[in-house]
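**Student:** Before I ask anything, let me first share the structure, which is written out below as structure tokens.
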Amino acid sequence: MFVSNAVDEASLLSTWSDLLGDKKMAALKSGKGFSFYQLIFSNIDEEIFRCLYSEHILSSPNRPVNRLVGALILQHQRNWSFSELASQLDYNIEIRVALGLKDFASQAFSMRTMFNFKNRLADYQSRTGINLINQLFDSLTASQLKELKIKTGIQRGDTVMLNSNITSYSRLSLLVEILHRLYLSLTEADQKAYSVWFSPYFKGGEKYVYEVKSQDNQSHLERLGMIYYGINLGLKEKYGDTETFQIFERAYQDHFKQVETEDKAVIQVRPPAELDCHTLQSPDDTDATFKKKRQETYQGYSAFGVETCEPENEINLITHLSVHPNQTDDAAILAADLEDMVEKTPDLNECHVDGGFGSSAVDEQAEKHQVNIIQTAVKGNVAKVTIKVEGNDEIGFTVTCPNPEQLPVRAIKLKKAYKASFDLSKCENCPFKYDCPAKKNQVPTKGIAVFRFNQDIVLRQQRHKAILNIPKQRRTLRNGVENLMGLMHRGEKHTGKLKVRGLFNCTFYVFAMGIAINFERIHRFYNHFFCFLCHLVLGRFTTLKSNALQDN
């Protein structure tokens, strides 16, 4: 049964005030713990999570949801393990105040309750596709933007690679490790019946490859292909519905193929060229994908973050987050997320991104939602000679050649595109003629040089020159988003991998960090504002006192 949890601020502070005294209590009230209680804990909409609990009135009541969610946010913010979180909950006054605990005697919750809560969240998302922590982030952010009167017309975004906490297997070690784990999942009788197949791989993947010379890898892979084939035939009917066997079957399909010959079927090892980014990376994270970027390899996910960047804002907050397979193109992410971004912040009219976010799909979405995409760089090859196109479908297009001798011409509409015809005689002395796309499409019999274009080219030109149409002080706004991308690495270990694995856990981490980063910005803003007011008051008091002394 779902029961909400409200904690009165006065009663929360009374017990701790008796314990700490005035001086330490004042320090506690100005610290991050009490600020977290006021800004996050007290504003968590617990109704979002009602769907996780039974509606039967006789069922046991839940542990406080705002306390469970708040603890998970603090865990990611402070980069704690679960054991460290448990210790902080037991002995750290600041953390207990942050979660609305009035004394040391009361228990926040057990770690088993915490794990059950996360399992409920994961199961609900798996069944419905609804991410509740995403909804909480949106709810908190909407109220924060309104309360602080933050302008959201101009925003900036970027993506960051997040490595899953998985072992970086070689191809051979991965296949052996999957085989080893499948063996451990079998019944004792089946383990004995199929021990001949599995026995060479009892050590597991990493230990097995230690004894294999690199030149022998192919022969070991070929032997594994026959073993995978035999096990798939023998055990699929009995174990096909189990998660472990499904991982085994996916690896079998990824790495081997059955080729029919005249007299028999042969199991062949797929060449490396046939292994794509969606190939299984680890049995511990079936959603992680592979990407190589600037000579760096990544196994995991890509997080897309957007924040406000209006020059007039005294504080900027993250407004949108999403998580994708790491091989998803940046432009595809923006095209898919732009509608959601506009829905959350309807006055969004200018979005600053880098060159990787440009595409015709983005142009179409930007035009649809009337958002000006400002790119700080251009992805791909830049035309050596740019023929400018201005206008739209309704009023027509005017096409201008960079050769000053050529007059602007009106484009003629074709079935699927447009064409502009320039005077070929004026092209002979043009300094751009060797690289000009129109000159290359000349029609000598008609004395014209033809430039063909479509709507995609028009939109791309508008996007590329959009940065020139805004004031210079706004042309470097995108650079600030790099700080946000850096903060998303806070939860990484020294290996450059997150402490979590799996799409759900990685997504939870991203949104928890988004809530934490916004909280830190607001806390810092309020502290600076309070210090500024104190400075004004003290300065005013000093001036009045000085004047009074002079008068006397």
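Residue names in the structure tokens use chain letters A, B, ... in the order shown, residue numbers from 1 in each chain, and ligand numbers from 1 in the order shown.
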From a backbone DSSP assignment, name each residue in region 397-509 of chain A labelled strand (DSSP E), as a VMD selection string.
**Tutor:** chain A and resid 397 to 400 409 to 410 412 to 413 418 to 423 442 to 443 448 to 453
**Student:** Kindly save the residues from that selection, with C-alpha atoms included, as an mmCIF file, in the first residue's frame.
**Tutor:**
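result.cif, written as the output of this step:
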```
data_model
loop_
_atom_site.group_PDB
_atom_site.id
_atom_site.type_symbol
_atom_site.label_atom_id
_atom_site.label_comp_id
_atom_site.auth_asym_id
_atom_site.auth_seq_id
_atom_site.Cartn_x
_atom_site.Cartn_y
_atom_site.Cartn_z
ATOM 1 C CA PHE A 397 14.274 30.893 -54.260
ATOM 2 C CA THR A 398 16.893 33.420 -55.295
ATOM 3 C CA VAL A 399 20.284 31.912 -56.100
ATOM 4 C CA THR A 400 23.507 33.959 -55.941
ATOM 5 C CA VAL A 409 18.788 34.378 -60.670
ATOM 6 C CA ARG A 410 15.400 32.930 -59.810
ATOM 7 C CA ILE A 412 12.934 27.044 -61.519
ATOM 8 C CA LYS A 413 10.981 24.287 -59.798
ATOM 9 C CA TYR A 418 15.037 23.196 -58.188
ATOM 10 C CA LYS A 419 17.537 24.515 -60.699
ATOM 11 C CA ALA A 420 19.212 27.848 -61.277
ATOM 12 C CA SER A 421 20.786 28.728 -64.639
ATOM 13 C CA PHE A 422 23.757 31.143 -64.851
ATOM 14 C CA ASP A 423 25.274 32.820 -67.898
ATOM 15 C CA GLN A 442 27.280 23.381 -67.883
ATOM 16 C CA VAL A 443 25.099 23.049 -70.988
ATOM 17 C CA ILE A 448 24.172 28.107 -69.254
ATOM 18 C CA ALA A 449 25.778 26.685 -66.115
ATOM 19 C CA VAL A 450 23.207 24.814 -64.026
ATOM 20 C CA PHE A 451 23.051 24.546 -60.234
ATOM 21 C CA ARG A 452 20.556 22.004 -58.860
ATOM 22 C CA PHE A 453 19.423 21.963 -55.226
#
```
**Student:** Extract, using only C-alpha atoms, all DNA, RNA and protein residues at most 12 Å from Lys293 (chain A), discarding same-chain residues fewer than 5 positions from it, and format them as a PyMOL selection string.
**Tutor:** chain A and resi 160-161+298-299+326-327+329
**Student:** Which residues are close to Gln462 (chain A), i.e. within 12 Å by only C-alpha atoms, leaving aside same-chain residues fewer than 4 positions away? Reply as a count of residues only.
**Tutor:** 24
**Student:** Residues of region 90-315 of chain A classed as alpha helix (DSSP H) by DSSP on the backbone are to be reported as a short mmCIF file (atom, residue, chain, number, x, y, z; two decimals) with N, CA, C and O atoms, in the first residue's frame.
**Tutor:**
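Result saved to result_18.cif:
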```
data_model
loop_
_atom_site.label_atom_id
_atom_site.label_comp_id
_atom_site.auth_asym_id
_atom_site.auth_seq_id
_atom_site.Cartn_x
_atom_site.Cartn_y
_atom_site.Cartn_z
N ASP A 90 23.71 5.92 8.71
CA ASP A 90 23.71 5.57 10.14
C ASP A 90 24.37 6.64 11.01
O ASP A 90 23.91 6.88 12.14
N TYR A 91 25.43 7.29 10.51
CA TYR A 91 26.25 8.10 11.40
C TYR A 91 26.44 9.56 10.98
O TYR A 91 26.98 10.35 11.76
N ILE A 93 25.12 13.15 10.45
CA ILE A 93 23.97 13.99 10.79
C ILE A 93 23.48 14.76 9.56
O ILE A 93 22.27 14.86 9.32
N GLU A 94 24.42 15.28 8.77
CA GLU A 94 24.04 16.08 7.59
C GLU A 94 23.20 15.26 6.63
O GLU A 94 22.20 15.75 6.09
N ILE A 95 23.58 13.99 6.41
CA ILE A 95 22.83 13.13 5.49
C ILE A 95 21.48 12.75 6.08
O ILE A 95 20.47 12.69 5.36
N ARG A 96 21.43 12.52 7.36
CA ARG A 96 20.15 12.19 7.99
C ARG A 96 19.19 13.37 7.92
O ARG A 96 17.99 13.20 7.66
N VAL A 97 19.72 14.58 8.10
CA VAL A 97 18.86 15.77 7.95
C VAL A 97 18.41 15.92 6.51
O VAL A 97 17.25 16.26 6.24
N ALA A 98 19.31 15.64 5.56
CA ALA A 98 18.97 15.76 4.15
C ALA A 98 17.79 14.87 3.78
O ALA A 98 17.00 15.20 2.89
N MET A 111 19.00 -1.95 3.41
CA MET A 111 19.57 -2.03 2.06
C MET A 111 18.74 -2.97 1.18
O MET A 111 18.63 -2.76 -0.02
N ARG A 112 18.12 -3.97 1.82
CA ARG A 112 17.26 -4.87 1.04
C ARG A 112 16.07 -4.10 0.47
O ARG A 112 15.68 -4.30 -0.69
N THR A 113 15.51 -3.19 1.26
CA THR A 113 14.41 -2.35 0.77
C THR A 113 14.86 -1.48 -0.40
O THR A 113 14.14 -1.30 -1.38
N MET A 114 16.09 -0.95 -0.28
CA MET A 114 16.65 -0.13 -1.36
C MET A 114 16.76 -0.94 -2.65
O MET A 114 16.35 -0.49 -3.73
N PHE A 115 17.31 -2.15 -2.56
CA PHE A 115 17.47 -2.98 -3.76
C PHE A 115 16.12 -3.38 -4.34
O PHE A 115 15.94 -3.41 -5.57
N ASN A 116 15.15 -3.69 -3.47
CA ASN A 116 13.81 -4.03 -3.96
C ASN A 116 13.17 -2.85 -4.68
O ASN A 116 12.47 -3.03 -5.69
N PHE A 117 13.40 -1.65 -4.17
CA PHE A 117 12.85 -0.45 -4.81
C PHE A 117 13.44 -0.27 -6.20
O PHE A 117 12.71 0.00 -7.16
N LYS A 118 14.75 -0.43 -6.32
CA LYS A 118 15.37 -0.29 -7.64
C LYS A 118 14.88 -1.38 -8.59
O LYS A 118 14.68 -1.12 -9.78
N ASN A 119 14.68 -2.58 -8.07
CA ASN A 119 14.15 -3.67 -8.91
C ASN A 119 12.73 -3.35 -9.38
O ASN A 119 12.36 -3.66 -10.53
N ARG A 120 11.93 -2.74 -8.52
CA ARG A 120 10.57 -2.33 -8.91
C ARG A 120 10.62 -1.30 -10.04
O ARG A 120 9.86 -1.36 -11.00
N LEU A 121 11.53 -0.33 -9.89
CA LEU A 121 11.68 0.69 -10.92
C LEU A 121 12.08 0.07 -12.26
O LEU A 121 11.53 0.41 -13.31
N ALA A 122 13.06 -0.86 -12.21
CA ALA A 122 13.54 -1.50 -13.44
C ALA A 122 12.45 -2.35 -14.07
O ALA A 122 12.27 -2.33 -15.30
N ASP A 123 11.71 -3.09 -13.25
CA ASP A 123 10.64 -3.94 -13.77
C ASP A 123 9.53 -3.11 -14.39
O ASP A 123 9.01 -3.45 -15.46
N TYR A 124 9.18 -2.00 -13.73
CA TYR A 124 8.12 -1.13 -14.26
C TYR A 124 8.54 -0.54 -15.60
O TYR A 124 7.73 -0.48 -16.54
N GLN A 125 9.78 -0.11 -15.70
CA GLN A 125 10.25 0.45 -16.96
C GLN A 125 10.29 -0.60 -18.05
O GLN A 125 9.97 -0.33 -19.21
N SER A 126 10.68 -1.84 -17.69
CA SER A 126 10.73 -2.92 -18.67
C SER A 126 9.34 -3.23 -19.20
O SER A 126 9.16 -3.52 -20.39
N ARG A 127 8.32 -3.19 -18.33
CA ARG A 127 6.95 -3.55 -18.71
C ARG A 127 6.25 -2.43 -19.48
O ARG A 127 5.48 -2.70 -20.40
N THR A 128 6.49 -1.20 -19.09
CA THR A 128 5.71 -0.08 -19.63
C THR A 128 6.51 0.86 -20.53
O THR A 128 5.93 1.63 -21.29
N LEU A 132 10.50 6.39 -14.52
CA LEU A 132 9.97 7.23 -13.44
C LEU A 132 10.98 8.24 -12.92
O LEU A 132 10.61 9.35 -12.51
N ILE A 133 12.27 7.90 -12.92
CA ILE A 133 13.27 8.85 -12.47
C ILE A 133 13.38 10.01 -13.46
O ILE A 133 13.67 11.15 -13.09
N ASN A 134 13.11 9.74 -14.73
CA ASN A 134 13.04 10.79 -15.74
C ASN A 134 11.88 11.74 -15.41
O ASN A 134 12.03 12.97 -15.47
N GLN A 135 10.75 11.18 -15.06
CA GLN A 135 9.59 12.00 -14.70
C GLN A 135 9.89 12.86 -13.47
O GLN A 135 9.48 14.02 -13.40
N LEU A 136 10.62 12.29 -12.50
CA LEU A 136 10.98 13.06 -11.31
C LEU A 136 11.90 14.21 -11.68
O LEU A 136 11.73 15.34 -11.21
N PHE A 137 12.90 13.93 -12.53
CA PHE A 137 13.81 14.99 -12.98
C PHE A 137 13.03 16.12 -13.65
O PHE A 137 13.26 17.30 -13.37
N ASP A 138 12.10 15.77 -14.53
CA ASP A 138 11.30 16.78 -15.24
C ASP A 138 10.45 17.59 -14.25
O ASP A 138 10.31 18.81 -14.40
N SER A 139 9.88 16.90 -13.27
CA SER A 139 9.02 17.56 -12.29
C SER A 139 9.82 18.56 -11.46
O SER A 139 9.41 19.71 -11.27
N LEU A 140 10.98 18.13 -10.95
CA LEU A 140 11.81 19.01 -10.14
C LEU A 140 12.32 20.19 -10.96
O LEU A 140 12.31 21.34 -10.50
N THR A 141 12.77 19.90 -12.18
CA THR A 141 13.35 20.95 -13.02
C THR A 141 12.31 22.00 -13.39
O THR A 141 12.60 23.21 -13.38
N ALA A 142 11.10 21.56 -13.71
CA ALA A 142 10.04 22.51 -14.08
C ALA A 142 9.76 23.49 -12.93
O ALA A 142 9.63 24.70 -13.16
N SER A 143 9.68 22.98 -11.71
CA SER A 143 9.41 23.85 -10.57
C SER A 143 10.60 24.75 -10.28
O SER A 143 10.43 25.92 -9.89
N GLN A 144 11.83 24.24 -10.47
CA GLN A 144 13.03 25.06 -10.22
C GLN A 144 13.14 26.20 -11.23
O GLN A 144 13.47 27.34 -10.86
N LEU A 145 12.87 25.90 -12.49
CA LEU A 145 12.92 26.94 -13.53
C LEU A 145 11.90 28.04 -13.24
O LEU A 145 12.19 29.24 -13.40
N LYS A 146 10.72 27.63 -12.78
CA LYS A 146 9.67 28.60 -12.48
C LYS A 146 10.01 29.42 -11.25
O LYS A 146 9.86 30.65 -11.25
N GLU A 147 10.48 28.75 -10.22
CA GLU A 147 10.79 29.44 -8.97
C GLU A 147 11.91 30.46 -9.14
O GLU A 147 11.86 31.57 -8.59
N LEU A 148 12.94 30.09 -9.90
CA LEU A 148 14.10 30.96 -10.09
C LEU A 148 13.95 31.91 -11.27
O LEU A 148 14.86 32.70 -11.54
N ARG A 171 37.49 -11.49 -28.06
CA ARG A 171 36.46 -12.32 -28.69
C ARG A 171 36.47 -13.73 -28.11
O ARG A 171 35.42 -14.29 -27.77
N LEU A 172 37.65 -14.30 -27.98
CA LEU A 172 37.78 -15.67 -27.48
C LEU A 172 37.36 -15.76 -26.02
O LEU A 172 36.61 -16.67 -25.63
N SER A 173 37.83 -14.83 -25.20
CA SER A 173 37.49 -14.89 -23.77
C SER A 173 36.00 -14.69 -23.54
O SER A 173 35.42 -15.29 -22.63
N LEU A 174 35.34 -13.85 -24.36
CA LEU A 174 33.90 -13.65 -24.22
C LEU A 174 33.14 -14.93 -24.50
O LEU A 174 32.25 -15.33 -23.74
N LEU A 175 33.48 -15.61 -25.58
CA LEU A 175 32.78 -16.85 -25.94
C LEU A 175 32.99 -17.93 -24.90
O LEU A 175 32.06 -18.69 -24.58
N VAL A 176 34.20 -18.01 -24.35
CA VAL A 176 34.47 -19.02 -23.32
C VAL A 176 33.73 -18.67 -22.03
O VAL A 176 33.18 -19.56 -21.37
N GLU A 177 33.72 -17.39 -21.66
CA GLU A 177 33.04 -16.97 -20.44
C GLU A 177 31.54 -17.26 -20.52
O GLU A 177 30.93 -17.72 -19.54
N ILE A 178 30.94 -17.02 -21.66
CA ILE A 178 29.50 -17.29 -21.83
C ILE A 178 29.24 -18.78 -21.71
O ILE A 178 28.25 -19.22 -21.09
N LEU A 179 30.12 -19.58 -22.28
CA LEU A 179 29.97 -21.04 -22.20
C LEU A 179 30.10 -21.51 -20.75
O LEU A 179 29.33 -22.37 -20.29
N HIS A 180 31.05 -20.94 -20.03
CA HIS A 180 31.26 -21.30 -18.63
C HIS A 180 30.04 -20.97 -17.78
O HIS A 180 29.60 -21.77 -16.93
N ARG A 181 29.45 -19.80 -18.01
CA ARG A 181 28.28 -19.40 -17.22
C ARG A 181 27.06 -20.24 -17.58
O ARG A 181 26.22 -20.51 -16.71
N LEU A 182 26.95 -20.64 -18.84
CA LEU A 182 25.85 -21.53 -19.22
C LEU A 182 25.96 -22.85 -18.49
O LEU A 182 24.95 -23.39 -17.99
N TYR A 183 27.16 -23.37 -18.38
CA TYR A 183 27.37 -24.64 -17.66
C TYR A 183 26.93 -24.53 -16.21
O TYR A 183 26.27 -25.44 -15.68
N LEU A 184 27.26 -23.42 -15.56
CA LEU A 184 26.89 -23.24 -14.15
C LEU A 184 25.38 -23.14 -13.96
O LEU A 184 24.88 -23.39 -12.86
N SER A 185 24.65 -22.77 -15.01
CA SER A 185 23.20 -22.63 -14.90
C SER A 185 22.44 -23.94 -15.14
O SER A 185 21.24 -24.01 -14.93
N GLU A 188 22.37 -30.39 -12.28
CA GLU A 188 23.52 -31.27 -12.01
C GLU A 188 23.56 -32.43 -13.00
O GLU A 188 24.63 -32.84 -13.46
N ALA A 189 22.38 -32.96 -13.34
CA ALA A 189 22.34 -34.08 -14.28
C ALA A 189 22.83 -33.65 -15.66
O ALA A 189 23.58 -34.39 -16.32
N ASP A 190 22.42 -32.47 -16.11
CA ASP A 190 22.86 -31.99 -17.43
C ASP A 190 24.34 -31.61 -17.43
O ASP A 190 25.01 -31.73 -18.45
N GLN A 191 24.83 -31.14 -16.30
CA GLN A 191 26.26 -30.85 -16.21
C GLN A 191 27.08 -32.12 -16.44
O GLN A 191 28.10 -32.09 -17.12
N LYS A 192 26.62 -33.23 -15.87
CA LYS A 192 27.33 -34.50 -16.06
C LYS A 192 27.17 -35.00 -17.50
O LYS A 192 28.13 -35.47 -18.11
N ALA A 193 25.97 -34.85 -18.04
CA ALA A 193 25.70 -35.36 -19.39
C ALA A 193 26.50 -34.61 -20.45
O ALA A 193 26.91 -35.18 -21.47
N SER A 195 29.35 -32.69 -19.84
CA SER A 195 30.65 -32.27 -19.32
C SER A 195 31.75 -32.33 -20.37
O SER A 195 32.71 -31.55 -20.33
N VAL A 196 31.63 -33.24 -21.34
CA VAL A 196 32.66 -33.36 -22.39
C VAL A 196 32.73 -32.06 -23.20
O VAL A 196 33.81 -31.61 -23.58
N TRP A 197 31.59 -31.45 -23.44
CA TRP A 197 31.55 -30.19 -24.19
C TRP A 197 32.15 -29.03 -23.38
O TRP A 197 32.84 -28.17 -23.92
N PHE A 198 31.82 -29.00 -22.10
CA PHE A 198 32.17 -27.83 -21.27
C PHE A 198 33.51 -27.93 -20.56
O PHE A 198 34.08 -26.91 -20.19
N GLY A 205 36.54 -17.39 -19.05
CA GLY A 205 37.13 -16.76 -20.22
C GLY A 205 38.52 -16.19 -20.03
O GLY A 205 39.43 -16.47 -20.80
N GLU A 206 38.74 -15.39 -18.99
CA GLU A 206 40.01 -14.71 -18.81
C GLU A 206 41.15 -15.68 -18.55
O GLU A 206 42.24 -15.55 -19.11
N LYS A 207 40.92 -16.66 -17.69
CA LYS A 207 41.97 -17.63 -17.37
C LYS A 207 42.25 -18.55 -18.57
O LYS A 207 43.39 -18.98 -18.77
N TYR A 208 41.24 -18.83 -19.35
CA TYR A 208 41.42 -19.72 -20.50
C TYR A 208 42.37 -19.10 -21.53
O TYR A 208 43.26 -19.76 -22.05
N VAL A 209 42.20 -17.81 -21.82
CA VAL A 209 42.99 -17.19 -22.88
C VAL A 209 44.46 -16.99 -22.49
O VAL A 209 45.30 -16.77 -23.35
N TYR A 210 44.75 -17.06 -21.17
CA TYR A 210 46.13 -16.92 -20.76
C TYR A 210 47.03 -17.98 -21.38
O TYR A 210 48.21 -17.76 -21.62
N ASN A 217 44.46 -18.49 -31.98
CA ASN A 217 43.11 -18.00 -31.70
C ASN A 217 42.07 -18.54 -32.67
O ASN A 217 40.98 -18.97 -32.27
N GLN A 218 42.38 -18.53 -33.96
CA GLN A 218 41.41 -18.95 -34.96
C GLN A 218 41.01 -20.40 -34.78
O GLN A 218 39.82 -20.73 -34.89
N SER A 219 41.98 -21.25 -34.52
CA SER A 219 41.65 -22.68 -34.33
C SER A 219 40.77 -22.89 -33.10
O SER A 219 39.86 -23.73 -33.10
N HIS A 220 41.01 -22.12 -32.04
CA HIS A 220 40.17 -22.22 -30.84
C HIS A 220 38.76 -21.71 -31.12
O HIS A 220 37.78 -22.28 -30.62
N LEU A 221 38.66 -20.65 -31.91
CA LEU A 221 37.34 -20.14 -32.27
C LEU A 221 36.56 -21.14 -33.12
O LEU A 221 35.35 -21.33 -32.93
N GLU A 222 37.25 -21.82 -34.03
CA GLU A 222 36.59 -22.82 -34.87
C GLU A 222 36.09 -23.99 -34.04
O GLU A 222 35.00 -24.52 -34.29
N ARG A 223 36.90 -24.39 -33.05
CA ARG A 223 36.46 -25.47 -32.16
C ARG A 223 35.25 -25.04 -31.35
O ARG A 223 34.30 -25.80 -31.15
N LEU A 224 35.27 -23.79 -30.90
CA LEU A 224 34.12 -23.27 -30.15
C LEU A 224 32.86 -23.23 -31.01
O LEU A 224 31.75 -23.43 -30.52
N GLY A 225 33.03 -22.95 -32.30
CA GLY A 225 31.89 -22.93 -33.19
C GLY A 225 31.16 -24.26 -33.22
O GLY A 225 29.92 -24.30 -33.17
N MET A 226 31.90 -25.37 -33.27
CA MET A 226 31.29 -26.69 -33.27
C MET A 226 30.62 -26.99 -31.93
O MET A 226 29.54 -27.58 -31.87
N ILE A 227 31.29 -26.56 -30.85
CA ILE A 227 30.72 -26.80 -29.52
C ILE A 227 29.44 -25.98 -29.34
O ILE A 227 28.43 -26.49 -28.82
N TYR A 228 29.45 -24.72 -29.74
CA TYR A 228 28.25 -23.88 -29.66
C TYR A 228 27.12 -24.51 -30.47
O TYR A 228 25.96 -24.53 -30.03
N TYR A 229 27.43 -25.01 -31.64
CA TYR A 229 26.42 -25.63 -32.50
C TYR A 229 25.80 -26.84 -31.80
O TYR A 229 24.56 -26.98 -31.77
N GLY A 230 26.64 -27.70 -31.23
CA GLY A 230 26.14 -28.89 -30.56
C GLY A 230 25.31 -28.57 -29.33
O GLY A 230 24.25 -29.17 -29.10
N ILE A 231 25.79 -27.63 -28.52
CA ILE A 231 25.05 -27.26 -27.31
C ILE A 231 23.72 -26.61 -27.66
O ILE A 231 22.70 -26.85 -27.01
N ASN A 232 23.71 -25.80 -28.69
CA ASN A 232 22.47 -25.15 -29.11
C ASN A 232 21.42 -26.18 -29.52
O ASN A 232 20.24 -26.05 -29.16
N LEU A 233 21.85 -27.22 -30.22
CA LEU A 233 20.92 -28.29 -30.61
C LEU A 233 20.44 -29.09 -29.41
O LEU A 233 19.26 -29.44 -29.31
N GLY A 234 21.36 -29.36 -28.48
CA GLY A 234 21.03 -30.25 -27.37
C GLY A 234 20.26 -29.60 -26.24
O GLY A 234 19.49 -30.29 -25.55
N LEU A 235 20.45 -28.30 -25.99
CA LEU A 235 19.89 -27.69 -24.78
C LEU A 235 18.83 -26.63 -25.03
O LEU A 235 18.19 -26.17 -24.10
N LYS A 236 18.63 -26.24 -26.28
CA LYS A 236 17.71 -25.15 -26.55
C LYS A 236 16.28 -25.45 -26.11
O LYS A 236 15.59 -24.60 -25.54
N GLU A 237 15.82 -26.64 -26.36
CA GLU A 237 14.44 -26.99 -26.04
C GLU A 237 14.18 -26.87 -24.54
O GLU A 237 13.12 -26.42 -24.11
N LYS A 238 15.18 -27.24 -23.72
CA LYS A 238 14.99 -27.25 -22.27
C LYS A 238 15.29 -25.90 -21.63
O LYS A 238 14.62 -25.48 -20.68
N TYR A 239 16.29 -25.22 -22.14
CA TYR A 239 16.76 -23.99 -21.48
C TYR A 239 16.54 -22.72 -22.31
O TYR A 239 16.97 -21.64 -21.92
N GLU A 243 17.47 -16.71 -19.26
CA GLU A 243 18.27 -15.56 -19.67
C GLU A 243 19.68 -15.97 -20.07
O GLU A 243 20.23 -15.46 -21.06
N THR A 244 20.27 -16.90 -19.33
CA THR A 244 21.64 -17.33 -19.61
C THR A 244 21.74 -17.98 -20.99
O THR A 244 22.69 -17.72 -21.74
N PHE A 245 20.76 -18.82 -21.32
CA PHE A 245 20.80 -19.48 -22.63
C PHE A 245 20.56 -18.47 -23.76
O PHE A 245 21.15 -18.58 -24.83
N GLN A 246 19.69 -17.48 -23.52
CA GLN A 246 19.44 -16.47 -24.54
C GLN A 246 20.69 -15.65 -24.84
O GLN A 246 20.95 -15.27 -25.99
N ILE A 247 21.49 -15.40 -23.80
CA ILE A 247 22.77 -14.72 -24.01
C ILE A 247 23.71 -15.61 -24.82
O ILE A 247 24.39 -15.16 -25.75
N PHE A 248 23.73 -16.91 -24.48
CA PHE A 248 24.53 -17.88 -25.23
C PHE A 248 24.11 -17.91 -26.70
O PHE A 248 24.94 -17.88 -27.61
N GLU A 249 22.80 -17.92 -26.93
CA GLU A 249 22.29 -18.00 -28.30
C GLU A 249 22.61 -16.73 -29.09
O GLU A 249 22.93 -16.79 -30.28
N ARG A 250 22.55 -15.60 -28.42
CA ARG A 250 22.91 -14.34 -29.09
C ARG A 250 24.39 -14.35 -29.50
O ARG A 250 24.74 -13.94 -30.61
N ALA A 251 25.25 -14.83 -28.61
CA ALA A 251 26.68 -14.92 -28.93
C ALA A 251 26.91 -15.88 -30.09
O ALA A 251 27.76 -15.64 -30.96
N TYR A 252 26.15 -16.97 -30.12
CA TYR A 252 26.26 -17.95 -31.20
C TYR A 252 25.91 -17.30 -32.54
O TYR A 252 26.62 -17.47 -33.54
N GLN A 253 24.83 -16.53 -32.56
CA GLN A 253 24.41 -15.86 -33.79
C GLN A 253 25.38 -14.75 -34.19
O GLN A 253 25.62 -14.50 -35.37
N ASP A 254 25.94 -14.06 -33.18
CA ASP A 254 26.88 -12.97 -33.45
C ASP A 254 28.17 -13.45 -34.10
O ASP A 254 28.70 -12.79 -35.01
N HIS A 255 28.69 -14.58 -33.63
CA HIS A 255 30.07 -14.96 -33.97
C HIS A 255 30.20 -16.14 -34.94
O HIS A 255 31.29 -16.37 -35.48
#
```
**Student:** Looking at A:Lys151, A:His56, A:Lys102, A:Arg67, which one is nearest to Leu13 (chain A), with distances taken over only C-alpha atoms?
**Tutor:**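 Of all the options, A:Lys102 lies closest to Leu13 (chain A).
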**Student:** Extract, using only C-alpha atoms, all DNA, RNA and protein residues at most 9 Å from region 509-522 of chain A, discarding same-chain residues fewer than 3 positions from it, and format them as a count of residues only.
**Tutor:** 43
**Student:** So that I can check the surroundings of Ala336 (chain A), please list as a list in words every protein, DNA and RNA residue that reaches within 10 Å of it, counting only C-alpha atoms and ignoring chain neighbours fewer than 6 positions away.
**Tutor:** Asp330, Ala361, Val362 and Gln365 of chain A
**Student:** Please, could you write that set of residues out with N, CA and C atoms as a PDB file, in the first residue's frame?
**Tutor:**
```pdb
ATOM      1  N   ASP A 330      24.931  11.759 -33.116  1.00  0.00           N
ATOM      2  CA  ASP A 330      24.458  12.929 -32.375  1.00  0.00           C
ATOM      3  C   ASP A 330      23.260  13.594 -33.056  1.00  0.00           C
ATOM      4  N   ALA A 361      17.398  15.725 -41.035  1.00  0.00           N
ATOM      5  CA  ALA A 361      16.327  15.392 -40.082  1.00  0.00           C
ATOM      6  C   ALA A 361      16.243  16.450 -38.981  1.00  0.00           C
ATOM      7  N   VAL A 362      17.404  16.917 -38.519  1.00  0.00           N
ATOM      8  CA  VAL A 362      17.428  17.978 -37.511  1.00  0.00           C
ATOM      9  C   VAL A 362      16.852  19.258 -38.098  1.00  0.00           C
ATOM     10  N   GLN A 365      13.051  19.037 -38.121  1.00  0.00           N
ATOM     11  CA  GLN A 365      12.465  19.180 -36.785  1.00  0.00           C
ATOM     12  C   GLN A 365      12.611  20.613 -36.281  1.00  0.00           C
TER      13      GLN A 365
END
```
**Student:** Could you tell me how far CA of Lys499 (chain A) sits from CA of Ser282 (chain A), in Å to one decimal place?
**Tutor:**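 Separation between CA of Ser282 (chain A) and CA of Lys499 (chain A): 15.3 Å.
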**Student:** Calculated over only C-alpha atoms, which of the candidates A:Lys440, A:Arg78, A:Lys465, A:Arg63 has the smallest distance to Ser110 (chain A)?
**Tutor:**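 Ranking A:Lys440, A:Arg78, A:Lys465, A:Arg63 by distance to Ser110 (chain A), first place goes to A:Arg63.
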**Student:** Calculate how many Å separate CA of Leu459 (chain A) from CA of Val481 (chain A), rounding to one decimal.
**Tutor:**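 Rounded to one decimal, the two atoms are 25.0 Å apart.
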**Student:** Please compute the CA of Ala105 (chain A)-CA of Lys24 (chain A) distance, one decimal, in Å.
**Tutor:**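 These atoms are spaced 20.2 Å apart.
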